[in-house]
Amino acid sequence: MKTVLVTGGAGYIGSHVVQQLTRRGDRVVVLDNLSTGFRDAVVGAELIVGNVGDMALVTRVLTDWQVDAVMHFAAHTVVPDSVTDPLRYYGNNTCNTRNLLAACAEVGVDKFIFSSTAAVYGITAEGIADEDTPTAPINPYGTSKLMSETMLRDHCATGAMRHVILRYFNVAGCDPTGRIGHSTPNATLLVKVACEHAVGKRECLSIFGTDYDTPDGTGIRDFIHVEDLAAAHLNALDHLRQDGESLVLNCGYGHGYSVRQVIESVQRAAARPLTVVELPRRKGDIPHLIACSDRLQQRLGWAPRYDDLDVIVATALQWEETLLRREAPLTSAA
Ligand code: UD1
């Protein structure tokens, strides 16, 4: 039976993909260094703890498990950190991807699904991007991913491999069954941070920038539920296993919400007001970005199931409450 190697499969998005794969009966092996991932987030698959850049280890795993396809999630993903420490991002995101590709080439793995990002587009004219929109990232995170895309495309052009590059817009929400979720420590993503505040883990929520040229002055993003994003990876795997051609695809819903609209949704879900502090713009942020994701639907037959901000937020808040219960000190029964 063929096996999928999922790098970063103990992390937020990777773990949701692994769960969907194993639930439908696919054979999966996960490689994760647990720097931000969690052992118990890996559902139904074996976890190998190690680094994606370790070519000897990766080559061994690819061979031992008879891997035919790789899904590559392992990466640093915090935009503001990439601005202050760009070399760490180029090292982990770009150089390690190069080593992973070299290991695949050595063993003959010919299918690759890559986690890219909307951050490759930078600031677009209308705040909308389709896959042909010119790429012009404005932060090292976006550049580190774009460089990996370029390497991957050049490698595939030799005929050694086919790829699906998935450019994620703003991923949020958690497994609605509550089994896994978004546990990343020191999270910076808006929905996660707002839900942490709603359950009392943070004293307040900051809005970074209220002077953008948007209807309410705050940034606008296209929030996609992690379960819908995960499903796109399964569609991409099926496409490549059926000899489909290489593709670059946006992953979003094609409409967006402002930071203030997200805060209102969290307040509705939590049934309490949040304490909000208005701060200046965050370095590396773009004002407004929405996906044109028609190609994902047309080429892979992808159909979103959770395109509703309140549903996204409700599942994120439910997971935050679960984490809070797990972290609560045990009290002895009287
Ligand atoms: C970006 C990428 C996304 C990537 C992510 C990884 C784009 C469009 N999206 O997300 O693909 O996965 O980086 O980090 O490039 N905000 C606040 N207060 C907070 C947190 C965020 O006001 O506490 C605001 C931000 O200023 C921004 C919006 O919320 O306007 C979304 O920010 P965030 O959730 O961090 O994601 P992006 O940086 O957009």
# chains A, B, ... in the order shown; residues from 1 in each chain; ligands from 1

call {"tool": "residues_around", "arguments": {"residues": "A:Val120", "least_positions_apart": "4", "cutoff": "9 Å", "atoms": "only C-alpha atoms", "output": "PyMOL selection string"}}
result
chain A and resi 116+134-139+141-146+167

call {"tool": "write_last_selection", "arguments": {"atoms": "C-alpha atoms", "output": "short mmCIF file (atom, residue, chain, number, x, y, z; two decimals), in the first residue's frame"}}
result
data_model
loop_
_atom_site.label_atom_id
_atom_site.label_comp_id
_atom_site.auth_asym_id
_atom_site.auth_seq_id
_atom_site.Cartn_x
_atom_site.Cartn_y
_atom_site.Cartn_z
CA SER A 116 2.30 27.82 0.52
CA PRO A 134 2.09 38.64 -9.79
CA THR A 135 3.87 37.53 -6.64
CA ALA A 136 5.55 40.29 -4.61
CA PRO A 137 5.78 39.28 -0.94
CA ILE A 138 6.34 42.07 1.57
CA ASN A 139 7.69 39.94 4.41
CA TYR A 141 7.77 34.59 5.54
CA GLY A 142 6.12 35.10 2.15
CA THR A 143 9.48 35.25 0.40
CA SER A 144 10.72 32.06 2.09
CA LYS A 145 7.64 30.21 0.80
CA LEU A 146 7.89 31.75 -2.67
CA ARG A 167 -1.63 28.94 -1.24
#

call {"tool": "residues_near_ligand", "arguments": {"ligand": "ligand 1", "cutoff": "7 Å", "atoms": "only C-alpha atoms and all ligand atoms", "output": "mmCIF file with N, CA, C and O atoms, in the first residue's frame"}}
result
data_model
loop_
_atom_site.group_PDB
_atom_site.id
_atom_site.type_symbol
_atom_site.label_atom_id
_atom_site.label_comp_id
_atom_site.auth_asym_id
_atom_site.auth_seq_id
_atom_site.Cartn_x
_atom_site.Cartn_y
_atom_site.Cartn_z
ATOM 1 N N THR A 77 5.887 29.884 10.745
ATOM 2 C CA THR A 77 4.737 30.511 10.070
ATOM 3 C C THR A 77 4.306 31.865 10.654
ATOM 4 O O THR A 77 3.206 32.315 10.363
ATOM 5 N N VAL A 78 5.149 32.494 11.450
ATOM 6 C CA VAL A 78 4.688 33.734 12.092
ATOM 7 C C VAL A 78 5.271 34.947 11.356
ATOM 8 O O VAL A 78 6.483 35.195 11.420
ATOM 9 N N VAL A 79 4.410 35.681 10.669
ATOM 10 C CA VAL A 79 4.874 36.797 9.836
ATOM 11 C C VAL A 79 5.742 37.780 10.631
ATOM 12 O O VAL A 79 6.859 38.089 10.203
ATOM 13 N N THR A 117 1.411 30.031 0.795
ATOM 14 C CA THR A 117 0.650 31.041 1.519
ATOM 15 C C THR A 117 0.228 32.194 0.614
ATOM 16 O O THR A 117 0.935 32.521 -0.356
ATOM 17 N N ALA A 118 -0.870 32.822 0.986
ATOM 18 C CA ALA A 118 -1.301 34.047 0.312
ATOM 19 C C ALA A 118 -0.284 35.159 0.481
ATOM 20 O O ALA A 118 -0.298 36.133 -0.290
ATOM 21 N N ALA A 119 0.597 35.010 1.453
ATOM 22 C CA ALA A 119 1.613 36.051 1.684
ATOM 23 C C ALA A 119 2.573 36.180 0.500
ATOM 24 O O ALA A 119 3.313 37.152 0.410
ATOM 25 N N TYR A 168 -2.433 29.070 1.011
ATOM 26 C CA TYR A 168 -3.464 29.244 2.052
ATOM 27 C C TYR A 168 -3.711 30.726 2.294
ATOM 28 O O TYR A 168 -2.781 31.496 2.452
ATOM 29 N N PHE A 169 -4.965 31.082 2.431
ATOM 30 C CA PHE A 169 -5.294 32.419 2.914
ATOM 31 C C PHE A 169 -5.322 32.326 4.449
ATOM 32 O O PHE A 169 -4.398 31.770 5.019
ATOM 33 N N ASN A 170 -6.339 32.819 5.141
ATOM 34 C CA ASN A 170 -6.203 32.841 6.612
ATOM 35 C C ASN A 170 -6.935 31.654 7.240
ATOM 36 O O ASN A 170 -8.160 31.646 7.329
ATOM 37 N N VAL A 171 -6.166 30.692 7.667
ATOM 38 C CA VAL A 171 -6.714 29.433 8.179
ATOM 39 C C VAL A 171 -7.152 29.630 9.630
ATOM 40 O O VAL A 171 -6.424 30.222 10.431
ATOM 41 N N THR A 188 -0.139 33.794 17.176
ATOM 42 C CA THR A 188 -0.338 35.191 16.786
ATOM 43 C C THR A 188 -1.541 35.362 15.867
ATOM 44 O O THR A 188 -1.934 36.485 15.576
ATOM 45 N N LEU A 189 -2.116 34.253 15.371
ATOM 46 C CA LEU A 189 -3.219 34.364 14.414
ATOM 47 C C LEU A 189 -4.474 34.910 15.107
ATOM 48 O O LEU A 189 -4.821 34.501 16.216
ATOM 49 N N LEU A 190 -5.149 35.806 14.400
ATOM 50 C CA LEU A 190 -6.232 36.592 15.006
ATOM 51 C C LEU A 190 -7.303 35.748 15.700
ATOM 52 O O LEU A 190 -7.638 36.012 16.861
ATOM 53 N N VAL A 191 -7.863 34.755 15.005
ATOM 54 C CA VAL A 191 -9.002 34.021 15.588
ATOM 55 C C VAL A 191 -8.553 33.282 16.853
ATOM 56 O O VAL A 191 -9.237 33.308 17.883
ATOM 57 N N VAL A 193 -5.981 34.011 18.854
ATOM 58 C CA VAL A 193 -5.664 34.979 19.916
ATOM 59 C C VAL A 193 -6.960 35.527 20.531
ATOM 60 O O VAL A 193 -7.086 35.656 21.757
ATOM 61 N N ALA A 194 -7.939 35.835 19.682
ATOM 62 C CA ALA A 194 -9.208 36.380 20.188
ATOM 63 C C ALA A 194 -9.924 35.352 21.059
ATOM 64 O O ALA A 194 -10.490 35.699 22.112
ATOM 65 N N LEU A 205 -7.252 41.959 23.801
ATOM 66 C CA LEU A 205 -6.969 41.655 22.405
ATOM 67 C C LEU A 205 -6.555 42.954 21.716
ATOM 68 O O LEU A 205 -7.236 43.973 21.864
ATOM 69 N N SER A 206 -5.435 42.904 20.985
ATOM 70 C CA SER A 206 -4.976 44.104 20.281
ATOM 71 C C SER A 206 -5.480 44.100 18.848
ATOM 72 O O SER A 206 -5.491 43.059 18.199
ATOM 73 N N ILE A 207 -5.868 45.285 18.373
ATOM 74 C CA ILE A 207 -6.116 45.459 16.929
ATOM 75 C C ILE A 207 -4.903 46.197 16.384
ATOM 76 O O ILE A 207 -4.594 47.313 16.821
ATOM 77 N N PHE A 208 -4.228 45.562 15.419
ATOM 78 C CA PHE A 208 -3.029 46.176 14.842
ATOM 79 C C PHE A 208 -3.418 47.000 13.621
ATOM 80 O O PHE A 208 -3.465 46.500 12.506
ATOM 81 N N GLY A 209 -3.702 48.251 13.845
ATOM 82 C CA GLY A 209 -3.999 49.156 12.737
ATOM 83 C C GLY A 209 -5.484 49.382 12.569
ATOM 84 O O GLY A 209 -6.240 48.444 12.312
ATOM 85 N N THR A 218 -9.866 48.520 9.669
ATOM 86 C CA THR A 218 -9.013 47.396 10.081
ATOM 87 C C THR A 218 -8.765 46.465 8.888
ATOM 88 O O THR A 218 -9.486 46.516 7.888
ATOM 89 N N GLY A 219 -7.755 45.620 9.024
ATOM 90 C CA GLY A 219 -7.380 44.709 7.944
ATOM 91 C C GLY A 219 -8.509 43.750 7.583
ATOM 92 O O GLY A 219 -9.337 43.398 8.439
ATOM 93 N N ILE A 220 -8.537 43.346 6.321
ATOM 94 C CA ILE A 220 -9.561 42.382 5.848
ATOM 95 C C ILE A 220 -8.854 41.136 5.337
ATOM 96 O O ILE A 220 -7.872 41.229 4.591
ATOM 97 N N ARG A 221 -9.368 39.957 5.736
ATOM 98 C CA ARG A 221 -8.768 38.691 5.318
ATOM 99 C C ARG A 221 -9.860 37.694 4.932
ATOM 100 O O ARG A 221 -11.006 37.797 5.382
ATOM 101 N N VAL A 259 -10.970 42.726 10.824
ATOM 102 C CA VAL A 259 -10.584 42.353 12.194
ATOM 103 C C VAL A 259 -11.746 42.639 13.151
ATOM 104 O O VAL A 259 -12.068 41.823 14.016
ATOM 105 N N ARG A 281 -0.255 49.855 13.219
ATOM 106 C CA ARG A 281 -0.129 48.717 12.293
ATOM 107 C C ARG A 281 1.039 47.812 12.687
ATOM 108 O O ARG A 281 2.049 48.309 13.201
ATOM 109 N N ARG A 282 0.910 46.529 12.405
ATOM 110 C CA ARG A 282 1.972 45.550 12.655
ATOM 111 C C ARG A 282 2.869 45.482 11.419
ATOM 112 O O ARG A 282 2.359 45.460 10.302
ATOM 113 N N ASP A 285 2.350 43.521 7.688
ATOM 114 C CA ASP A 285 0.932 43.254 7.385
ATOM 115 C C ASP A 285 0.500 43.956 6.100
ATOM 116 O O ASP A 285 0.901 45.083 5.833
ATOM 117 N N ILE A 286 -0.369 43.281 5.347
ATOM 118 C CA ILE A 286 -0.993 43.911 4.197
ATOM 119 C C ILE A 286 -2.376 44.399 4.624
ATOM 120 O O ILE A 286 -2.933 43.881 5.595
ATOM 121 N N PRO A 287 -2.958 45.362 3.884
ATOM 122 C CA PRO A 287 -4.268 45.881 4.315
ATOM 123 C C PRO A 287 -5.418 44.898 4.091
ATOM 124 O O PRO A 287 -6.285 44.743 4.951
ATOM 125 N N LEU A 289 -6.730 41.257 1.772
ATOM 126 C CA LEU A 289 -6.454 40.220 0.765
ATOM 127 C C LEU A 289 -7.505 39.122 0.779
ATOM 128 O O LEU A 289 -7.782 38.499 1.807
#

call {"tool": "select_by_dssp", "arguments": {"residues": "stretch 59-227 of chain A", "states": "strand (DSSP E or B)", "output": "mmCIF file with N, CA and C atoms, in the first residue's frame"}}
result
data_model
loop_
_atom_site.group_PDB
_atom_site.id
_atom_site.type_symbol
_atom_site.label_atom_id
_atom_site.label_comp_id
_atom_site.auth_asym_id
_atom_site.auth_seq_id
_atom_site.Cartn_x
_atom_site.Cartn_y
_atom_site.Cartn_z
ATOM 1 N N VAL A 67 7.079 5.453 0.470
ATOM 2 C CA VAL A 67 6.309 6.690 0.287
ATOM 3 C C VAL A 67 6.210 7.027 -1.196
ATOM 4 N N ASP A 68 4.997 7.347 -1.660
ATOM 5 C CA ASP A 68 4.849 7.776 -3.054
ATOM 6 C C ASP A 68 4.506 9.250 -3.165
ATOM 7 N N ALA A 69 4.082 9.872 -2.035
ATOM 8 C CA ALA A 69 3.696 11.287 -2.083
ATOM 9 C C ALA A 69 4.074 11.966 -0.776
ATOM 10 N N VAL A 70 4.492 13.220 -0.881
ATOM 11 C CA VAL A 70 4.855 13.996 0.312
ATOM 12 C C VAL A 70 3.917 15.191 0.421
ATOM 13 N N MET A 71 3.439 15.432 1.642
ATOM 14 C CA MET A 71 2.741 16.690 1.940
ATOM 15 C C MET A 71 3.632 17.442 2.911
ATOM 16 N N HIS A 72 4.043 18.643 2.520
ATOM 17 C CA HIS A 72 5.081 19.344 3.290
ATOM 18 C C HIS A 72 4.507 20.561 4.025
ATOM 19 N N LYS A 111 5.479 12.816 -6.257
ATOM 20 C CA LYS A 111 4.271 13.614 -6.020
ATOM 21 C C LYS A 111 4.497 14.476 -4.774
ATOM 22 N N PHE A 112 4.220 15.775 -4.874
ATOM 23 C CA PHE A 112 4.562 16.679 -3.762
ATOM 24 C C PHE A 112 3.465 17.724 -3.605
ATOM 25 N N ILE A 113 2.936 17.825 -2.402
ATOM 26 C CA ILE A 113 1.904 18.826 -2.107
ATOM 27 C C ILE A 113 2.497 19.812 -1.115
ATOM 28 N N PHE A 114 2.532 21.071 -1.505
ATOM 29 C CA PHE A 114 3.285 22.059 -0.749
ATOM 30 C C PHE A 114 2.371 23.102 -0.113
ATOM 31 N N SER A 115 2.591 23.343 1.187
ATOM 32 C CA SER A 115 1.843 24.365 1.925
ATOM 33 C C SER A 115 2.453 25.716 1.643
ATOM 34 N N SER A 116 1.838 26.462 0.743
ATOM 35 C CA SER A 116 2.305 27.824 0.524
ATOM 36 C C SER A 116 1.285 28.794 1.126
ATOM 37 N N THR A 117 1.411 30.031 0.795
ATOM 38 C CA THR A 117 0.650 31.041 1.519
ATOM 39 C C THR A 117 0.228 32.194 0.614
ATOM 40 N N ILE A 128 -7.514 41.530 -4.100
ATOM 41 C CA ILE A 128 -7.950 40.182 -4.504
ATOM 42 C C ILE A 128 -6.801 39.542 -5.266
ATOM 43 N N ALA A 129 -6.611 38.238 -5.094
ATOM 44 C CA ALA A 129 -5.544 37.565 -5.839
ATOM 45 C C ALA A 129 -6.080 36.294 -6.467
ATOM 46 N N ARG A 162 5.667 15.765 -9.909
ATOM 47 C CA ARG A 162 4.538 16.684 -10.138
ATOM 48 C C ARG A 162 4.120 17.270 -8.788
ATOM 49 N N HIS A 163 3.593 18.484 -8.810
ATOM 50 C CA HIS A 163 3.260 19.143 -7.543
ATOM 51 C C HIS A 163 1.853 19.728 -7.559
ATOM 52 N N VAL A 164 1.316 19.894 -6.352
ATOM 53 C CA VAL A 164 0.210 20.834 -6.152
ATOM 54 C C VAL A 164 0.672 21.806 -5.075
ATOM 55 N N ILE A 165 0.746 23.069 -5.455
ATOM 56 C CA ILE A 165 1.087 24.129 -4.499
ATOM 57 C C ILE A 165 -0.229 24.734 -4.020
ATOM 58 N N LEU A 166 -0.458 24.685 -2.724
ATOM 59 C CA LEU A 166 -1.691 25.254 -2.167
ATOM 60 C C LEU A 166 -1.331 26.544 -1.428
ATOM 61 N N ARG A 167 -1.892 27.642 -1.882
ATOM 62 C CA ARG A 167 -1.625 28.937 -1.241
ATOM 63 C C ARG A 167 -2.760 29.242 -0.271
ATOM 64 N N TYR A 168 -2.433 29.070 1.011
ATOM 65 C CA TYR A 168 -3.464 29.244 2.052
ATOM 66 C C TYR A 168 -3.711 30.726 2.294
ATOM 67 N N ASN A 170 -6.339 32.819 5.141
ATOM 68 C CA ASN A 170 -6.203 32.841 6.612
ATOM 69 C C ASN A 170 -6.935 31.654 7.240
ATOM 70 N N VAL A 171 -6.166 30.692 7.667
ATOM 71 C CA VAL A 171 -6.714 29.433 8.179
ATOM 72 C C VAL A 171 -7.152 29.630 9.630
ATOM 73 N N ALA A 172 -8.332 29.108 9.950
ATOM 74 C CA ALA A 172 -8.847 29.268 11.315
ATOM 75 C C ALA A 172 -9.838 28.149 11.604
ATOM 76 N N LEU A 205 -7.252 41.959 23.801
ATOM 77 C CA LEU A 205 -6.969 41.655 22.405
ATOM 78 C C LEU A 205 -6.555 42.954 21.716
ATOM 79 N N SER A 206 -5.435 42.904 20.985
ATOM 80 C CA SER A 206 -4.976 44.104 20.281
ATOM 81 C C SER A 206 -5.480 44.100 18.848
ATOM 82 N N ILE A 207 -5.868 45.285 18.373
ATOM 83 C CA ILE A 207 -6.116 45.459 16.929
ATOM 84 C C ILE A 207 -4.903 46.197 16.384
ATOM 85 N N PHE A 208 -4.228 45.562 15.419
ATOM 86 C CA PHE A 208 -3.029 46.176 14.842
ATOM 87 C C PHE A 208 -3.418 47.000 13.621
ATOM 88 N N ILE A 220 -8.537 43.346 6.321
ATOM 89 C CA ILE A 220 -9.561 42.382 5.848
ATOM 90 C C ILE A 220 -8.854 41.136 5.337
ATOM 91 N N ARG A 221 -9.368 39.957 5.736
ATOM 92 C CA ARG A 221 -8.768 38.691 5.318
ATOM 93 C C ARG A 221 -9.860 37.694 4.932
ATOM 94 N N PHE A 223 -10.966 34.196 5.601
ATOM 95 C CA PHE A 223 -10.757 33.144 6.613
ATOM 96 C C PHE A 223 -11.341 31.828 6.121
ATOM 97 N N ILE A 224 -10.496 30.801 6.062
ATOM 98 C CA ILE A 224 -10.945 29.477 5.598
ATOM 99 C C ILE A 224 -10.867 28.490 6.759
ATOM 100 N N HIS A 225 -11.934 27.690 6.902
ATOM 101 C CA HIS A 225 -11.952 26.696 7.980
ATOM 102 C C HIS A 225 -10.913 25.604 7.713
#

call {"tool": "closest_residue", "arguments": {"among": "A:Val29, A:Ala314, A:Leu152, A:Ala75", "to": "A:Ser246", "atoms": "only C-alpha atoms"}}
result
A:Leu152

call {"tool": "closest_residue", "arguments": {"among": "A:Val6, A:Leu249, A:Val49, A:Val42", "to": "A:Ala236", "atoms": "only C-alpha atoms"}}
result
A:Leu249

call {"tool": "select_by_dssp", "arguments": {"residues": "stretch 233-264 of chain A", "states": "alpha helix (DSSP H)", "output": "PyMOL selection string"}}
result
chain A and resi 233-241+259-264

call {"tool": "atom_distance", "arguments": {"atom1": "atom CA of A:Leu229", "atom2": "atom CA of A:Asp310"}}
result
16.9 Å

call {"tool": "residues_around", "arguments": {"residues": "A:Arg299", "least_positions_apart": "2", "cutoff": "9 Å", "atoms": "only C-alpha atoms", "output": "PDB file with all heavy atoms, in the first residue's frame"}}
result
ATOM      1  N   HIS A 239      -5.723  13.847  -7.055  1.00  0.00           N
ATOM      2  CA  HIS A 239      -5.401  14.397  -8.384  1.00  0.00           C
ATOM      3  C   HIS A 239      -4.028  13.895  -8.857  1.00  0.00           C
ATOM      4  O   HIS A 239      -3.892  13.408  -9.984  1.00  0.00           O
ATOM      5  CB  HIS A 239      -5.417  15.932  -8.283  1.00  0.00           C
ATOM      6  CG  HIS A 239      -4.872  16.641  -9.471  1.00  0.00           C
ATOM      7  ND1 HIS A 239      -5.603  16.875 -10.611  1.00  0.00           N
ATOM      8  CD2 HIS A 239      -3.630  17.182  -9.702  1.00  0.00           C
ATOM      9  CE1 HIS A 239      -4.858  17.523 -11.489  1.00  0.00           C
ATOM     10  NE2 HIS A 239      -3.653  17.724 -10.977  1.00  0.00           N
ATOM     11  N   LEU A 247      -0.196  21.820 -10.368  1.00  0.00           N
ATOM     12  CA  LEU A 247      -1.135  22.931 -10.215  1.00  0.00           C
ATOM     13  C   LEU A 247      -0.678  23.875  -9.110  1.00  0.00           C
ATOM     14  O   LEU A 247      -0.050  23.436  -8.141  1.00  0.00           O
ATOM     15  CB  LEU A 247      -2.521  22.400  -9.811  1.00  0.00           C
ATOM     16  CG  LEU A 247      -3.295  21.532 -10.802  1.00  0.00           C
ATOM     17  CD1 LEU A 247      -4.520  20.924 -10.113  1.00  0.00           C
ATOM     18  CD2 LEU A 247      -3.713  22.355 -12.022  1.00  0.00           C
ATOM     19  N   LEU A 249      -2.773  26.501  -6.599  1.00  0.00           N
ATOM     20  CA  LEU A 249      -4.176  26.778  -6.277  1.00  0.00           C
ATOM     21  C   LEU A 249      -4.314  27.625  -5.016  1.00  0.00           C
ATOM     22  O   LEU A 249      -3.708  27.318  -3.983  1.00  0.00           O
ATOM     23  CB  LEU A 249      -4.919  25.450  -6.054  1.00  0.00           C
ATOM     24  CG  LEU A 249      -4.924  24.470  -7.238  1.00  0.00           C
ATOM     25  CD1 LEU A 249      -5.392  23.101  -6.776  1.00  0.00           C
ATOM     26  CD2 LEU A 249      -5.791  24.997  -8.375  1.00  0.00           C
ATOM     27  N   ASP A 294     -11.630  30.008  -7.562  1.00  0.00           N
ATOM     28  CA  ASP A 294     -12.412  29.245  -8.551  1.00  0.00           C
ATOM     29  C   ASP A 294     -11.633  28.039  -9.065  1.00  0.00           C
ATOM     30  O   ASP A 294     -12.192  26.971  -9.304  1.00  0.00           O
ATOM     31  CB  ASP A 294     -12.762  30.127  -9.759  1.00  0.00           C
ATOM     32  CG  ASP A 294     -13.635  31.301  -9.363  1.00  0.00           C
ATOM     33  OD1 ASP A 294     -14.046  31.344  -8.191  1.00  0.00           O
ATOM     34  OD2 ASP A 294     -13.886  32.170 -10.214  1.00  0.00           O
ATOM     35  N   ARG A 295     -10.310  28.226  -9.235  1.00  0.00           N
ATOM     36  CA  ARG A 295      -9.512  27.156  -9.828  1.00  0.00           C
ATOM     37  C   ARG A 295      -9.501  25.914  -8.929  1.00  0.00           C
ATOM     38  O   ARG A 295      -9.544  24.788  -9.420  1.00  0.00           O
ATOM     39  CB  ARG A 295      -8.085  27.664 -10.059  1.00  0.00           C
ATOM     40  CG  ARG A 295      -7.328  26.830 -11.053  1.00  0.00           C
ATOM     41  CD  ARG A 295      -5.892  27.288 -11.240  1.00  0.00           C
ATOM     42  NE  ARG A 295      -5.741  28.479 -12.056  1.00  0.00           N
ATOM     43  CZ  ARG A 295      -4.549  29.035 -12.328  1.00  0.00           C
ATOM     44  NH1 ARG A 295      -3.443  28.507 -11.847  1.00  0.00           N
ATOM     45  NH2 ARG A 295      -4.479  30.132 -13.065  1.00  0.00           N
ATOM     46  N   LEU A 296      -9.458  26.121  -7.624  1.00  0.00           N
ATOM     47  CA  LEU A 296      -9.469  24.990  -6.680  1.00  0.00           C
ATOM     48  C   LEU A 296     -10.760  24.180  -6.852  1.00  0.00           C
ATOM     49  O   LEU A 296     -10.749  22.943  -6.862  1.00  0.00           O
ATOM     50  CB  LEU A 296      -9.347  25.518  -5.247  1.00  0.00           C
ATOM     51  CG  LEU A 296      -9.465  24.511  -4.115  1.00  0.00           C
ATOM     52  CD1 LEU A 296      -8.360  23.465  -4.191  1.00  0.00           C
ATOM     53  CD2 LEU A 296      -9.416  25.218  -2.759  1.00  0.00           C
ATOM     54  N   GLN A 297     -11.872  24.893  -7.004  1.00  0.00           N
ATOM     55  CA  GLN A 297     -13.153  24.198  -7.165  1.00  0.00           C
ATOM     56  C   GLN A 297     -13.209  23.487  -8.517  1.00  0.00           C
ATOM     57  O   GLN A 297     -13.645  22.335  -8.599  1.00  0.00           O
ATOM     58  CB  GLN A 297     -14.301  25.205  -7.051  1.00  0.00           C
ATOM     59  CG  GLN A 297     -14.152  26.084  -5.817  1.00  0.00           C
ATOM     60  CD  GLN A 297     -15.449  26.662  -5.308  1.00  0.00           C
ATOM     61  OE1 GLN A 297     -16.523  26.178  -5.635  1.00  0.00           O
ATOM     62  NE2 GLN A 297     -15.362  27.677  -4.467  1.00  0.00           N
ATOM     63  N   GLY A 301     -12.425  19.787  -7.865  1.00  0.00           N
ATOM     64  CA  GLY A 301     -13.774  19.442  -7.426  1.00  0.00           C
ATOM     65  C   GLY A 301     -13.993  19.719  -5.937  1.00  0.00           C
ATOM     66  O   GLY A 301     -14.876  19.145  -5.306  1.00  0.00           O
ATOM     67  N   TRP A 302     -13.202  20.630  -5.406  1.00  0.00           N
ATOM     68  CA  TRP A 302     -13.296  20.972  -3.978  1.00  0.00           C
ATOM     69  C   TRP A 302     -14.595  21.735  -3.706  1.00  0.00           C
ATOM     70  O   TRP A 302     -14.980  22.606  -4.480  1.00  0.00           O
ATOM     71  CB  TRP A 302     -12.097  21.843  -3.614  1.00  0.00           C
ATOM     72  CG  TRP A 302     -12.054  22.387  -2.224  1.00  0.00           C
ATOM     73  CD1 TRP A 302     -11.708  21.705  -1.103  1.00  0.00           C
ATOM     74  CD2 TRP A 302     -12.314  23.738  -1.820  1.00  0.00           C
ATOM     75  NE1 TRP A 302     -11.740  22.560  -0.017  1.00  0.00           N
ATOM     76  CE2 TRP A 302     -12.105  23.802  -0.428  1.00  0.00           C
ATOM     77  CE3 TRP A 302     -12.697  24.901  -2.482  1.00  0.00           C
ATOM     78  CZ2 TRP A 302     -12.268  24.977   0.316  1.00  0.00           C
ATOM     79  CZ3 TRP A 302     -12.867  26.076  -1.757  1.00  0.00           C
ATOM     80  CH2 TRP A 302     -12.658  26.104  -0.375  1.00  0.00           C
TER      81      TRP A 302
END

call {"tool": "closest_residue", "arguments": {"among": "A:Met151, A:Leu324, A:Val277, A:Leu100", "to": "A:Lys201", "atoms": "only C-alpha atoms"}}
result
A:Leu324

call {"tool": "atom_distance", "arguments": {"atom1": "atom CA of A:Arg39", "atom2": "atom CA of A:Gly8"}}
result
11.0 Å

call {"tool": "atom_distance", "arguments": {"atom1": "atom CA of A:Ile123", "atom2": "atom CA of A:Asn250"}}
result
15.7 Å

call {"tool": "residues_around", "arguments": {"residues": "stretch 305-307 of chain A", "least_positions_apart": "4", "cutoff": "7 Å", "atoms": "only C-alpha atoms", "output": "MDAnalysis selection string"}}
result
chainID A and resid 225 228 253 311

call {"tool": "residues_around", "arguments": {"residues": "A:Gly254", "least_positions_apart": "4", "cutoff": "6 Å", "atoms": "only C-alpha atoms", "output": "list in words"}}
result
Ile290, Ala291 and Cys292 of chain A

call {"tool": "decode", "arguments": {"residues": "stretch 37-46 of chain A", "atoms": "N, CA and C atoms", "output": "CSV table (one decimal), in the first residue's frame"}}
result
chain,number,residue,atom,x,y,z
A,37,GLY,N,4.6,21.4,17.4
A,37,GLY,CA,3.5,20.4,17.2
A,37,GLY,C,3.4,19.5,18.5
A,38,PHE,N,2.4,18.6,18.5
A,38,PHE,CA,2.1,17.8,19.7
A,38,PHE,C,1.9,16.4,19.3
A,39,ARG,N,2.5,15.5,20.1
A,39,ARG,CA,2.5,14.1,19.8
A,39,ARG,C,1.0,13.6,19.7
A,40,ASP,N,0.2,14.1,20.7
A,40,ASP,CA,-1.2,13.6,20.7
A,40,ASP,C,-2.1,14.2,19.7
A,41,ALA,N,-1.6,15.1,18.9
A,41,ALA,CA,-2.4,15.6,17.7
A,41,ALA,C,-2.3,14.7,16.5
A,42,VAL,N,-1.4,13.7,16.6
A,42,VAL,CA,-1.3,12.8,15.4
A,42,VAL,C,-2.2,11.6,15.6
A,43,VAL,N,-3.3,11.6,14.8
A,43,VAL,CA,-4.4,10.6,14.9
A,43,VAL,C,-4.2,9.6,13.9
A,44,GLY,N,-4.0,8.3,14.3
A,44,GLY,CA,-4.1,7.2,13.3
A,44,GLY,C,-2.8,7.0,12.5
A,45,ALA,N,-1.7,7.7,12.8
A,45,ALA,CA,-0.5,7.5,12.0
A,45,ALA,C,0.7,7.4,12.9
A,46,GLU,N,1.8,6.8,12.4
A,46,GLU,CA,3.0,6.7,13.2
A,46,GLU,C,3.7,8.1,13.1
